[in-house]
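Text of my_file.pdb, listed as PDB, C-alpha atoms and all ligand atoms:
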```pdb
ATOM      1  CA  MET T 126       9.783   2.357 -30.174
ATOM      2  CA  LYS T 127       9.157  -1.372 -30.696
ATOM      3  CA  GLY T 128      12.357  -3.334 -30.161
ATOM      4  CA  LYS T 129      14.126  -0.360 -28.528
ATOM      5  CA  THR T 130      15.526  -0.671 -25.031
ATOM      6  CA  CYS T 131      15.013   2.432 -22.893
ATOM      7  CA  VAL T 132      16.567   2.876 -19.465
ATOM      8  CA  ILE T 133      14.835   5.464 -17.252
ATOM      9  CA  THR T 134      16.213   6.596 -13.895
ATOM     10  CA  GLY T 135      13.730   7.952 -11.368
ATOM     11  CA  ALA T 136      10.876   6.043 -12.990
ATOM     12  CA  THR T 137       8.898   5.506  -9.781
ATOM     13  CA  SER T 138       7.416   9.004  -9.671
ATOM     14  CA  GLY T 139       6.586  12.202 -11.521
ATOM     15  CA  ILE T 140       8.282  12.911 -14.843
ATOM     16  CA  GLY T 141      10.167   9.598 -15.050
ATOM     17  CA  ARG T 142       7.018   7.587 -14.400
ATOM     18  CA  SER T 143       5.146   9.508 -17.107
ATOM     19  CA  CYS T 144       8.031   8.893 -19.540
ATOM     20  CA  ALA T 145       7.778   5.164 -18.768
ATOM     21  CA  LEU T 146       4.020   5.071 -19.392
ATOM     22  CA  GLU T 147       4.318   6.956 -22.673
ATOM     23  CA  LEU T 148       7.344   5.039 -24.007
ATOM     24  CA  GLY T 149       5.569   1.824 -22.959
ATOM     25  CA  ARG T 150       2.551   2.924 -24.964
ATOM     26  CA  LEU T 151       4.906   3.380 -27.920
ATOM     27  CA  GLY T 152       6.063  -0.242 -27.567
ATOM     28  CA  ALA T 153       9.505   0.153 -25.953
ATOM     29  CA  ASP T 154      11.279  -2.404 -23.766
ATOM     30  CA  LEU T 155      11.772  -0.604 -20.470
ATOM     31  CA  ILE T 156      14.367  -0.846 -17.728
ATOM     32  CA  LEU T 157      13.082   1.256 -14.849
ATOM     33  CA  THR T 158      14.980   2.329 -11.762
ATOM     34  CA  GLY T 159      14.258   4.005  -8.441
ATOM     35  CA  ARG T 160      14.606   3.242  -4.734
ATOM     36  CA  ASP T 161      10.982   2.404  -4.004
ATOM     37  CA  LYS T 162      10.408  -1.275  -4.802
ATOM     38  CA  ARG T 163       6.676  -1.109  -4.187
ATOM     39  CA  LYS T 164       6.178   1.766  -6.626
ATOM     40  CA  GLY T 165       8.493   0.030  -9.116
ATOM     41  CA  ALA T 166       6.453  -3.187  -8.950
ATOM     42  CA  GLU T 167       3.189  -1.255  -9.285
ATOM     43  CA  LEU T 168       4.514   0.526 -12.392
ATOM     44  CA  VAL T 169       5.683  -2.742 -13.979
ATOM     45  CA  ARG T 170       2.218  -4.278 -13.367
ATOM     46  CA  ARG T 171       0.549  -1.242 -14.919
ATOM     47  CA  LEU T 172       2.845  -1.394 -17.975
ATOM     48  CA  GLN T 173       2.247  -5.117 -18.379
ATOM     49  CA  ARG T 174      -1.473  -4.403 -18.680
ATOM     50  CA  ASP T 175      -0.690  -2.205 -21.699
ATOM     51  CA  ARG T 176      -0.615  -4.580 -24.676
ATOM     52  CA  ALA T 177       1.521  -2.170 -26.686
ATOM     53  CA  CYS T 178       4.389  -2.169 -24.159
ATOM     54  CA  GLY T 179       7.301  -4.443 -25.101
ATOM     55  CA  SER T 180       8.643  -5.473 -21.705
ATOM     56  CA  ALA T 181       9.095  -3.733 -18.363
ATOM     57  CA  HIS T 182      11.618  -4.540 -15.680
ATOM     58  CA  PHE T 183      12.383  -2.666 -12.452
ATOM     59  CA  ILE T 184      15.826  -2.568 -10.826
ATOM     60  CA  ARG T 185      16.120  -0.976  -7.393
ATOM     61  CA  ALA T 186      19.098   1.310  -6.828
ATOM     62  CA  ASP T 187      19.930   4.308  -4.682
ATOM     63  CA  LEU T 188      21.791   6.487  -7.159
ATOM     64  CA  SER T 189      23.396   8.608  -4.448
ATOM     65  CA  VAL T 190      25.494   5.538  -3.588
ATOM     66  CA  GLN T 191      28.184   4.870  -6.196
ATOM     67  CA  ARG T 192      28.360   1.169  -5.372
ATOM     68  CA  GLU T 193      24.648   0.878  -6.179
ATOM     69  CA  VAL T 194      25.098   2.766  -9.475
ATOM     70  CA  ARG T 195      27.823   0.271 -10.418
ATOM     71  CA  GLU T 196      25.543  -2.641  -9.478
ATOM     72  CA  LEU T 197      22.709  -1.124 -11.490
ATOM     73  CA  ALA T 198      24.966  -0.694 -14.540
ATOM     74  CA  ALA T 199      26.171  -4.304 -14.207
ATOM     75  CA  ALA T 200      22.574  -5.570 -13.971
ATOM     76  CA  ILE T 201      21.613  -3.601 -17.095
ATOM     77  CA  ARG T 202      24.707  -4.827 -18.972
ATOM     78  CA  ASN T 203      23.810  -8.430 -18.076
ATOM     79  CA  ARG T 204      20.227  -8.053 -19.105
ATOM     80  CA  CYS T 205      20.398  -5.989 -22.306
ATOM     81  CA  ALA T 206      22.252  -6.555 -25.572
ATOM     82  CA  ARG T 207      22.163  -2.808 -26.150
ATOM     83  CA  VAL T 208      20.677   0.405 -24.788
ATOM     84  CA  ASP T 209      18.928   2.586 -27.378
ATOM     85  CA  VAL T 210      17.774   5.332 -25.024
ATOM     86  CA  LEU T 211      19.142   6.351 -21.638
ATOM     87  CA  ILE T 212      17.041   8.882 -19.734
ATOM     88  CA  ASN T 213      19.032  10.413 -16.879
ATOM     89  CA  ASN T 214      16.060  11.762 -14.961
ATOM     90  CA  ALA T 215      16.266  10.916 -11.236
ATOM     91  CA  GLY T 216      16.811  13.966  -9.100
ATOM     92  CA  ALA T 217      16.118  15.698  -5.831
ATOM     93  CA  ARG T 218      16.681  18.868  -3.842
ATOM     94  CA  PHE T 219      17.748  18.738  -0.207
ATOM     95  CA  ASP T 220      16.787  21.560   2.138
ATOM     96  CA  THR T 221      19.632  20.723   4.515
ATOM     97  CA  PHE T 222      23.184  19.514   3.978
ATOM     98  CA  ARG T 223      23.504  15.747   3.711
ATOM     99  CA  PRO T 224      26.649  13.825   2.903
ATOM    100  CA  SER T 225      26.118  10.768   0.688
ATOM    101  CA  ALA T 226      27.447   7.307   1.512
ATOM    102  CA  ASP T 227      30.561   8.332  -0.471
ATOM    103  CA  ASP T 228      30.846  11.544   1.568
ATOM    104  CA  ILE T 229      29.794  13.830  -1.273
ATOM    105  CA  GLU T 230      27.013  16.408  -0.901
ATOM    106  CA  SER T 231      23.786  14.546  -1.749
ATOM    107  CA  THR T 232      22.334  16.903  -4.392
ATOM    108  CA  PHE T 233      25.489  16.719  -6.477
ATOM    109  CA  ALA T 234      25.876  12.967  -5.868
ATOM    110  CA  THR T 235      22.260  12.132  -6.745
ATOM    111  CA  ASN T 236      21.619  14.514  -9.625
ATOM    112  CA  HIS T 237      24.953  14.658 -11.422
ATOM    113  CA  LEU T 238      27.591  12.123 -10.348
ATOM    114  CA  SER T 239      25.184   9.172 -10.490
ATOM    115  CA  HIS T 240      24.309   9.897 -14.116
ATOM    116  CA  PHE T 241      27.890  10.644 -15.102
ATOM    117  CA  LEU T 242      28.877   7.249 -13.715
ATOM    118  CA  LEU T 243      25.884   5.334 -15.080
ATOM    119  CA  THR T 244      26.266   6.765 -18.594
ATOM    120  CA  LEU T 245      29.964   5.928 -18.815
ATOM    121  CA  LEU T 246      29.383   2.434 -17.424
ATOM    122  CA  LEU T 247      26.715   1.844 -20.088
ATOM    123  CA  LEU T 248      28.820   3.240 -22.922
ATOM    124  CA  GLU T 249      29.459  -0.134 -24.592
ATOM    125  CA  LYS T 250      25.736  -0.926 -24.602
ATOM    126  CA  LEU T 251      24.968   2.503 -26.092
ATOM    127  CA  GLN T 252      27.650   1.889 -28.726
ATOM    128  CA  ALA T 253      25.961  -1.438 -29.530
ATOM    129  CA  ALA T 254      22.729   0.317 -30.552
ATOM    130  CA  GLU T 255      22.192   1.423 -34.117
ATOM    131  CA  ALA T 256      21.584   5.004 -32.982
ATOM    132  CA  ALA T 257      21.542   5.673 -29.247
ATOM    133  CA  ARG T 258      20.131   8.712 -27.477
ATOM    134  CA  VAL T 259      21.201   9.945 -24.041
ATOM    135  CA  ILE T 260      18.769  12.454 -22.528
ATOM    136  CA  THR T 261      19.664  14.260 -19.319
ATOM    137  CA  VAL T 262      17.016  16.128 -17.362
ATOM    138  CA  ALA T 263      18.377  19.516 -16.316
ATOM    139  CA  SER T 264      16.317  22.543 -15.208
ATOM    140  CA  GLY T 265      15.882  26.274 -15.688
ATOM    141  CA  ALA T 266      17.367  26.436 -12.154
ATOM    142  CA  HIS T 267      20.789  25.944 -13.767
ATOM    143  CA  ALA T 268      20.787  29.627 -14.717
ATOM    144  CA  SER T 269      21.350  30.720 -11.096
ATOM    145  CA  ALA T 270      24.517  28.649 -10.693
ATOM    146  CA  ARG T 271      27.862  30.261  -9.991
ATOM    147  CA  GLU T 272      31.186  29.933 -11.805
ATOM    148  CA  ASP T 273      32.532  27.333  -9.386
ATOM    149  CA  PHE T 274      29.509  25.066  -9.846
ATOM    150  CA  ASP T 275      31.695  21.981 -10.178
ATOM    151  CA  ARG T 276      32.708  22.054  -6.525
ATOM    152  CA  PRO T 277      30.120  20.318  -4.326
ATOM    153  CA  PHE T 278      28.964  22.180  -1.232
ATOM    154  CA  ARG T 279      30.129  21.386   2.291
ATOM    155  CA  ALA T 280      28.142  21.681   5.526
ATOM    156  CA  GLU T 281      29.628  25.151   6.275
ATOM    157  CA  ASN T 282      28.456  26.849   3.077
ATOM    158  CA  TYR T 283      25.352  24.822   2.190
ATOM    159  CA  ASP T 284      22.618  26.658   0.325
ATOM    160  CA  ARG T 285      19.804  24.416  -0.930
ATOM    161  CA  LYS T 286      18.901  26.531  -3.963
ATOM    162  CA  ALA T 287      22.502  27.016  -5.013
ATOM    163  CA  ALA T 288      23.280  23.328  -4.500
ATOM    164  CA  TYR T 289      20.317  22.355  -6.683
ATOM    165  CA  GLY T 290      21.119  24.995  -9.331
ATOM    166  CA  ASN T 291      24.739  23.814  -9.460
ATOM    167  CA  SER T 292      23.735  20.179  -9.836
ATOM    168  CA  LYS T 293      21.360  21.060 -12.698
ATOM    169  CA  LEU T 294      24.082  23.134 -14.372
ATOM    170  CA  ALA T 295      26.333  20.083 -14.005
ATOM    171  CA  ASN T 296      23.623  17.999 -15.764
ATOM    172  CA  LEU T 297      23.582  20.433 -18.653
ATOM    173  CA  VAL T 298      27.358  20.818 -18.909
ATOM    174  CA  PHE T 299      27.720  17.030 -18.801
ATOM    175  CA  ALA T 300      25.151  16.612 -21.612
ATOM    176  CA  TYR T 301      27.036  19.129 -23.799
ATOM    177  CA  GLU T 302      30.489  17.702 -23.035
ATOM    178  CA  LEU T 303      29.257  14.156 -23.684
ATOM    179  CA  ALA T 304      27.940  15.324 -27.070
ATOM    180  CA  ARG T 305      31.332  16.861 -27.913
ATOM    181  CA  ARG T 306      33.186  13.710 -26.883
ATOM    182  CA  LEU T 307      30.777  11.512 -28.869
ATOM    183  CA  ARG T 308      30.735  13.668 -32.013
ATOM    184  CA  GLY T 309      30.706  11.503 -35.142
ATOM    185  CA  THR T 310      29.546   8.365 -33.287
ATOM    186  CA  ASN T 311      26.147   6.633 -33.144
ATOM    187  CA  ILE T 312      25.304   8.264 -29.790
ATOM    188  CA  THR T 313      23.652  11.655 -29.297
ATOM    189  CA  SER T 314      23.389  13.565 -26.020
ATOM    190  CA  ASN T 315      20.866  16.280 -25.258
ATOM    191  CA  ALA T 316      19.422  17.985 -22.179
ATOM    192  CA  VAL T 317      15.876  18.964 -21.233
ATOM    193  CA  ASP T 318      14.166  21.525 -19.035
ATOM    194  CA  PRO T 319      10.817  19.875 -18.198
ATOM    195  CA  GLY T 320       9.338  23.144 -16.842
ATOM    196  CA  GLY T 321       7.615  23.580 -13.458
ATOM    197  CA  VAL T 322       6.051  20.194 -12.816
ATOM    198  CA  ALA T 323       3.502  19.080 -10.199
ATOM    199  CA  SER T 324       5.271  15.899  -9.106
ATOM    200  CA  ASN T 325       6.656  14.646  -5.805
ATOM    201  CA  PHE T 326       9.670  16.893  -6.241
ATOM    202  CA  ALA T 327      10.803  18.439  -2.878
ATOM    203  CA  ARG T 328       8.489  16.078  -0.975
ATOM    204  CA  ASN T 329      11.559  14.476   0.626
ATOM    205  CA  ASN T 330      11.909  17.702   2.654
ATOM    206  CA  GLY T 331       8.336  17.600   3.961
ATOM    207  CA  PHE T 332       4.931  18.884   2.868
ATOM    208  CA  MET T 333       5.728  22.609   3.220
ATOM    209  CA  SER T 334       8.793  22.369   0.992
ATOM    210  CA  TRP T 335       6.724  20.560  -1.630
ATOM    211  CA  LEU T 336       3.969  23.181  -1.334
ATOM    212  CA  ARG T 337       6.523  25.990  -1.817
ATOM    213  CA  HIS T 338       7.785  24.270  -4.966
ATOM    214  CA  VAL T 339       4.326  23.747  -6.458
ATOM    215  CA  GLY T 340       3.048  27.153  -5.249
ATOM    216  CA  TYR T 341       6.001  28.985  -6.812
ATOM    217  CA  HIS T 342       5.305  27.563 -10.279
ATOM    218  CA  ALA T 343       1.519  27.832  -9.853
ATOM    219  CA  LEU T 344       1.793  31.564  -9.012
ATOM    220  CA  LYS T 345       3.899  32.063 -12.135
ATOM    221  CA  ARG T 346       1.141  30.223 -14.039
ATOM    222  CA  GLU T 347       3.620  27.747 -15.427
ATOM    223  CA  LEU T 348       2.826  24.606 -13.419
ATOM    224  CA  VAL T 349       2.265  21.554 -15.638
ATOM    225  CA  SER T 350       1.372  17.907 -15.048
ATOM    226  CA  ALA T 351       4.032  15.197 -14.967
ATOM    227  CA  LYS T 352       2.658  13.923 -18.283
ATOM    228  CA  LYS T 353       3.184  17.326 -19.876
ATOM    229  CA  GLY T 354       6.616  17.629 -18.233
ATOM    230  CA  ALA T 355       7.607  14.303 -19.805
ATOM    231  CA  GLU T 356       6.579  15.280 -23.347
ATOM    232  CA  THR T 357       9.886  16.808 -24.412
ATOM    233  CA  ILE T 358      11.833  13.836 -23.040
ATOM    234  CA  VAL T 359       9.603  11.385 -24.926
ATOM    235  CA  PHE T 360      10.002  13.554 -28.038
ATOM    236  CA  LEU T 361      13.801  13.403 -27.745
ATOM    237  CA  ALA T 362      13.675   9.660 -27.084
ATOM    238  CA  SER T 363      11.413   8.762 -29.968
ATOM    239  CA  SER T 364      11.003  11.405 -32.653
ATOM    240  CA  PRO T 365      12.700  11.066 -36.061
ATOM    241  CA  GLU T 366      12.765  14.897 -36.076
ATOM    242  CA  VAL T 367      15.723  14.876 -33.677
ATOM    243  CA  GLU T 368      17.645  12.024 -35.275
ATOM    244  CA  GLY T 369      21.344  12.922 -35.175
ATOM    245  CA  VAL T 370      20.706  16.132 -33.177
ATOM    246  CA  SER T 371      23.209  16.375 -30.335
ATOM    247  CA  GLY T 372      24.566  18.823 -27.771
ATOM    248  CA  LYS T 373      21.334  20.808 -27.492
ATOM    249  CA  TYR T 374      18.988  21.938 -24.722
ATOM    250  CA  PHE T 375      15.221  21.553 -25.176
ATOM    251  CA  PHE T 376      12.111  23.024 -23.580
ATOM    252  CA  ARG T 377       8.585  22.274 -24.830
ATOM    253  CA  LYS T 378      10.054  20.302 -27.764
ATOM    254  CA  ARG T 379      12.063  23.290 -28.958
ATOM    255  CA  GLU T 380      15.751  23.998 -28.746
ATOM    256  CA  ILE T 381      16.489  26.812 -26.285
ATOM    257  CA  GLU T 382      19.541  28.714 -25.086
ATOM    258  CA  SER T 383      21.182  27.948 -21.765
ATOM    259  CA  SER T 384      23.324  30.157 -19.529
ATOM    260  CA  GLY T 385      26.755  31.434 -20.601
ATOM    261  CA  ILE T 386      28.709  29.303 -18.123
ATOM    262  CA  SER T 387      26.896  26.162 -19.325
ATOM    263  CA  LYS T 388      28.609  26.583 -22.700
ATOM    264  CA  ASP T 389      32.076  27.197 -21.259
ATOM    265  CA  GLU T 390      34.214  24.333 -22.572
ATOM    266  CA  ALA T 391      36.981  24.878 -20.012
ATOM    267  CA  ALA T 392      34.418  24.590 -17.203
ATOM    268  CA  ALA T 393      33.070  21.418 -18.851
ATOM    269  CA  LYS T 394      36.539  19.864 -18.913
ATOM    270  CA  ARG T 395      36.984  20.762 -15.242
ATOM    271  CA  LEU T 396      33.667  19.129 -14.372
ATOM    272  CA  TRP T 397      34.559  16.018 -16.398
ATOM    273  CA  GLU T 398      37.938  15.689 -14.656
ATOM    274  CA  SER T 399      36.520  16.223 -11.166
ATOM    275  CA  SER T 400      33.669  13.776 -11.878
ATOM    276  CA  LEU T 401      36.199  11.149 -12.988
ATOM    277  CA  HIS T 402      38.150  11.786  -9.817
ATOM    278  CA  MET T 403      35.069  11.570  -7.565
ATOM    279  CA  THR T 404      33.826   8.348  -9.184
ATOM    280  CA  GLY T 405      37.238   6.708  -9.613
ATOM    281  CA  LEU T 406      36.580   6.063 -13.327
ATOM    282  CA  ASP T 407      39.190   5.991 -16.096
ATOM    283  CA  ASP T 408      38.543   8.420 -18.910
ATOM    284  CA  ARG T 409      36.814   6.295 -21.548
ATOM    285  CA  LEU T 410      36.059   9.242 -23.789
ATOM    286  CA  LYS T 411      39.250  11.285 -24.151
TER     287      LYS T 411
HETATM  288  N1  LIG Z   1       9.331  19.075 -10.794
HETATM  289  C1  LIG Z   1       9.882  20.135 -11.384
HETATM  290  O1  LIG Z   1       9.298  21.230 -11.383
HETATM  291  C2  LIG Z   1      11.190  20.014 -12.081
HETATM  292  C3  LIG Z   1      11.671  21.136 -12.799
HETATM  293  C4  LIG Z   1      12.884  21.034 -13.463
HETATM  294  C5  LIG Z   1      13.592  19.836 -13.433
HETATM  295  N2  LIG Z   1      13.115  18.789 -12.726
HETATM  296  C6  LIG Z   1      13.907  17.551 -12.707
HETATM  297  O2  LIG Z   1      13.103  16.475 -13.150
HETATM  298  C7  LIG Z   1      13.614  15.255 -12.624
HETATM  299  C8  LIG Z   1      12.478  14.400 -12.111
HETATM  300  O3  LIG Z   1      11.859  15.061 -11.026
HETATM  301  P1  LIG Z   1      10.304  14.945 -10.683
HETATM  302  O4  LIG Z   1       9.752  16.326 -10.738
HETATM  303  O5  LIG Z   1       9.652  13.895 -11.482
HETATM  304  O6  LIG Z   1      10.388  14.562  -9.132
HETATM  305  P2  LIG Z   1       9.815  13.299  -8.300
HETATM  306  O7  LIG Z   1       8.373  13.107  -8.554
HETATM  307  O8  LIG Z   1      10.258  13.553  -6.902
HETATM  308  O9  LIG Z   1      10.620  12.061  -8.905
HETATM  309  C9  LIG Z   1      12.000  11.912  -8.662
HETATM  310  C10 LIG Z   1      12.444  10.528  -9.072
HETATM  311  O10 LIG Z   1      13.842  10.416  -8.794
HETATM  312  C11 LIG Z   1      14.070   9.261  -8.010
HETATM  313  N3  LIG Z   1      15.151   9.474  -7.068
HETATM  314  C12 LIG Z   1      15.330  10.497  -6.204
HETATM  315  N4  LIG Z   1      16.420  10.294  -5.452
HETATM  316  C13 LIG Z   1      16.945   9.097  -5.851
HETATM  317  C14 LIG Z   1      18.057   8.320  -5.454
HETATM  318  N5  LIG Z   1      18.871   8.720  -4.453
HETATM  319  N6  LIG Z   1      18.290   7.162  -6.060
HETATM  320  C15 LIG Z   1      17.471   6.725  -7.054
HETATM  321  N7  LIG Z   1      16.411   7.401  -7.480
HETATM  322  C16 LIG Z   1      16.143   8.584  -6.883
HETATM  323  C17 LIG Z   1      12.749   8.999  -7.260
HETATM  324  O11 LIG Z   1      12.599   7.615  -7.031
HETATM  325  P3  LIG Z   1      12.551   6.922  -5.570
HETATM  326  O12 LIG Z   1      11.838   7.819  -4.650
HETATM  327  O13 LIG Z   1      11.886   5.580  -5.840
HETATM  328  O14 LIG Z   1      13.991   6.758  -5.258
HETATM  329  C18 LIG Z   1      11.720   9.432  -8.297
HETATM  330  O15 LIG Z   1      11.416   8.366  -9.167
HETATM  331  C19 LIG Z   1      14.659  15.656 -11.577
HETATM  332  O16 LIG Z   1      15.941  15.501 -12.128
HETATM  333  C20 LIG Z   1      14.381  17.120 -11.326
HETATM  334  O17 LIG Z   1      15.539  17.818 -10.931
HETATM  335  C21 LIG Z   1      11.916  18.828 -12.055
END
```
Please, can you express the file's structure as structure tokens?
Ligand SMILES: NC(=O)c1ccc[n+]([C@@H]2O[C@H](COP(=O)([O-])OP(=O)(O)OC[C@H]3O[C@@H](n4cnc5c(N)ncnc54)[C@H](OP(=O)(O)O)[C@@H]3O)[C@@H](O)[C@H]2O)c1
Amino acid sequence: MKGKTCVITGATSGIGRSCALELGRLGADLILTGRDKRKGAELVRRLQRDRACGSAHFIRADLSVQREVRELAAAIRNRCARVDVLINNAGARFDTFRPSADDIESTFATNHLSHFLLTLLLLEKLQAAEAARVITVASGAHASAREDFDRPFRAENYDRKAAYGNSKLANLVFAYELARRLRGTNITSNAVDPGGVASNFARNNGFMSWLRHVGYHALKRELVSAKKGAETIVFLASSPEVEGVSGKYFFRKREIESSGISKDEAAAKRLWESSLHMTGLDDRLK
């Protein structure tokens, strides 16, 4: 990965942090984002101690706030001649309804809209790479999402599991639609299910919520470390085996099937249109 610029969202913890450490070990130049400046600085220091790592730079941004996503994209555009790998990883689940600064339900705003916006704002830099890879972290939780997944929840009908499942389906549908819209270009787009990972996921809702998350996967005997959870993302970011592969969904370094609705092209167009509307972007990829 020497000479390749990799942008990782949600790099301050869990899967994103493990991706940063591994891609650093492979020699990449890293742009790392998250909200926690202290953790970001600690990660940069750790990466700088690794002689193999190209460079590491942390940019603070709250991705649930569209203004901050735009500032992040501008900072990356100023700093980098091109982006070779974009890892759309940051994500959260909220046990109670929370409107974002833009008055959009926070799960949808943080997990999907932020990455939709960031990816499109970095399009020129991805086009400037010889062969760019966009990797979006989805989840097996997408399979529980309903037909109308593209409509964010309101306070009256909030359901934490459904809101999370919908946002992860949106991640997957976005990754597929991006691949279709970028067919024949230098940019590929794929999605990943990292599996059940022992990270800080759900910790924002308190210890018990975190314990339920970890306990659920532990009881199913499928809980893995953040390092293991990051393996498929690092594989998609770096392996020649997946050169040119686009519009696919991966689990444990293998292509897997996703739910029926995730492959519905009409639903994908609806999500694309509503995401443009909610972010105020022009359609750059008609
Ligand atoms: N853990 C699992 O079992 C599992 C399973 C399937 C999919 N996933 C997905 O994997 C991804 C990574 O999760 P993880 O397990 O590594 O969880 P984690 O340890 O909680 O890490 C989440 C990362 O996202 C960042 N983040 C959260 N909200 C943010 C916001 N508003 N703005 C900017 N950054 C934000 C956090 O950074 P700051 O705190 O610094 O903001 C942190 O770096 C998520 O998309 C999640 O949905 C996880």
**Item:** Neighbourhood of ligand LIG 1 (chain Z) at 6 Å, counting all atoms listed in the file, reported as an MDAnalysis selection string
**Value:** chainID T and resid 135:141 159:161 186:189 214:217 235 262:264 318:326
**Asked** Care to translate the PyMOL selection byres (((chain T and resi 258) around 9) and not hetatm) into actual residues of this file, as a list in words?
**Response** Val208, Asp209, Val210, Leu211, Ile212, Leu251, Ala256, Ala257, Val259, Ile260, Asn311, Ile312, Thr313, Ser314, Asn315, Leu361, Ala362, Glu368, Gly369 and Ser371 of chain T
**Prompt:** Written as a list in words, what is the full residue list that the PyMOL selection byres (((chain T and resi 237-243) around 6) and not hetatm) yields on the file shown?
**Reply:** Leu188, Asn213, Phe233, Ala234, Thr235, Asn236, Thr244, Leu245, Leu246, Ser292 and Asn296 of chain T
**Message:** Restricting the calculation to only C-alpha atoms: of T:Asp220, T:Glu347, T:Asp228, T:Asp408, which residue gets closest to Gly331 in chain T?
**Reply:** T:Asp220
**Request:** Kindly indicate which residue among T:Val367, T:Leu344, T:Lys411, T:Ile358 lies nearest to Arg308 in chain T, using all atoms listed in the file for the distances.
**Result:** T:Lys411
**Item:** Pick from T:Glu167, T:Glu398, T:Glu230, T:Glu255, whichever lies nearest to Tyr283 in chain T using all atoms listed in the file
**Value:** T:Glu230
**Request:** For CA of Cys178 in chain T and CA of Asp154 in chain T, quote the distance in Å rounded to one decimal.
**Result:** 6.9 Å
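Note that CA of Ala393 in chain T and CA of Glu366 in chain T are 27.4 Å apart.
The space separating CA of Ala287 in chain T from CA of His267 in chain T comes to 9.0 Å.
Counting all atoms listed in the file, the residue from T:Arg176, T:Lys286, T:Arg195, T:Lys345 that sits nearest to Ala270 in chain T is T:Lys286.
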**Message:** Please list as an NGL selection string every residue within 12 Å of Ala166 in chain T, counting all atoms listed in the file and excluding residues in the same chain fewer than 3 positions away.
**Reply:** :T and (136-137 or 157-163 or 169-173 or 181-185)
Which centre and which edge lengths, in Å to one decimal, describe the axis-aligned box that holds all listed atoms of range 212-215 of chain T after 5 Å is added on each side, as lines of an AutoDock Vina configuration file?
```
center_x = 17.5
center_y = 10.3
center_z = -15.5
size_x = 13.0
size_y = 12.9
size_z = 18.5
```
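Distances from T:Lys164, T:Thr404, T:Phe360, T:Lys373 to Val190 in chain T were compared using only C-alpha atoms, and the smallest one belongs to T:Thr404.
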**Asked** If the PyMOL selection byres (((chain T and resi 150) around 7) and not hetatm) is run on the structure shown, which residues does it catch, given as an NGL selection string?
**Response** :T and (146-149 or 151-152 or 175 or 177-178)
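Proximity ranking of T:Gly165, T:Gly405, T:Gly128, T:Pro224 relative to Gly179 in chain T places T:Gly128 first, based on only C-alpha atoms.
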**Message:** List the spatial neighbours of Ser269 in chain T as a PyMOL selection string - criterion: any atom at most 10 Å away, only C-alpha atoms, same-chain residues fewer than 6 positions off excluded.
**Reply:** chain T and resi 286-287+289-291+293-294+384
Those selected residues, please, written with C-alpha atoms and delivered as a compact mmCIF listing (two decimals), in the frame of the given file.
```
# COMPACT_ATOMS: atom_id res chain seq x y z
CA LYS T 286 18.90 26.53 -3.96
CA ALA T 287 22.50 27.02 -5.01
CA TYR T 289 20.32 22.36 -6.68
CA GLY T 290 21.12 25.00 -9.33
CA ASN T 291 24.74 23.81 -9.46
CA LYS T 293 21.36 21.06 -12.70
CA LEU T 294 24.08 23.13 -14.37
CA SER T 384 23.32 30.16 -19.53
```
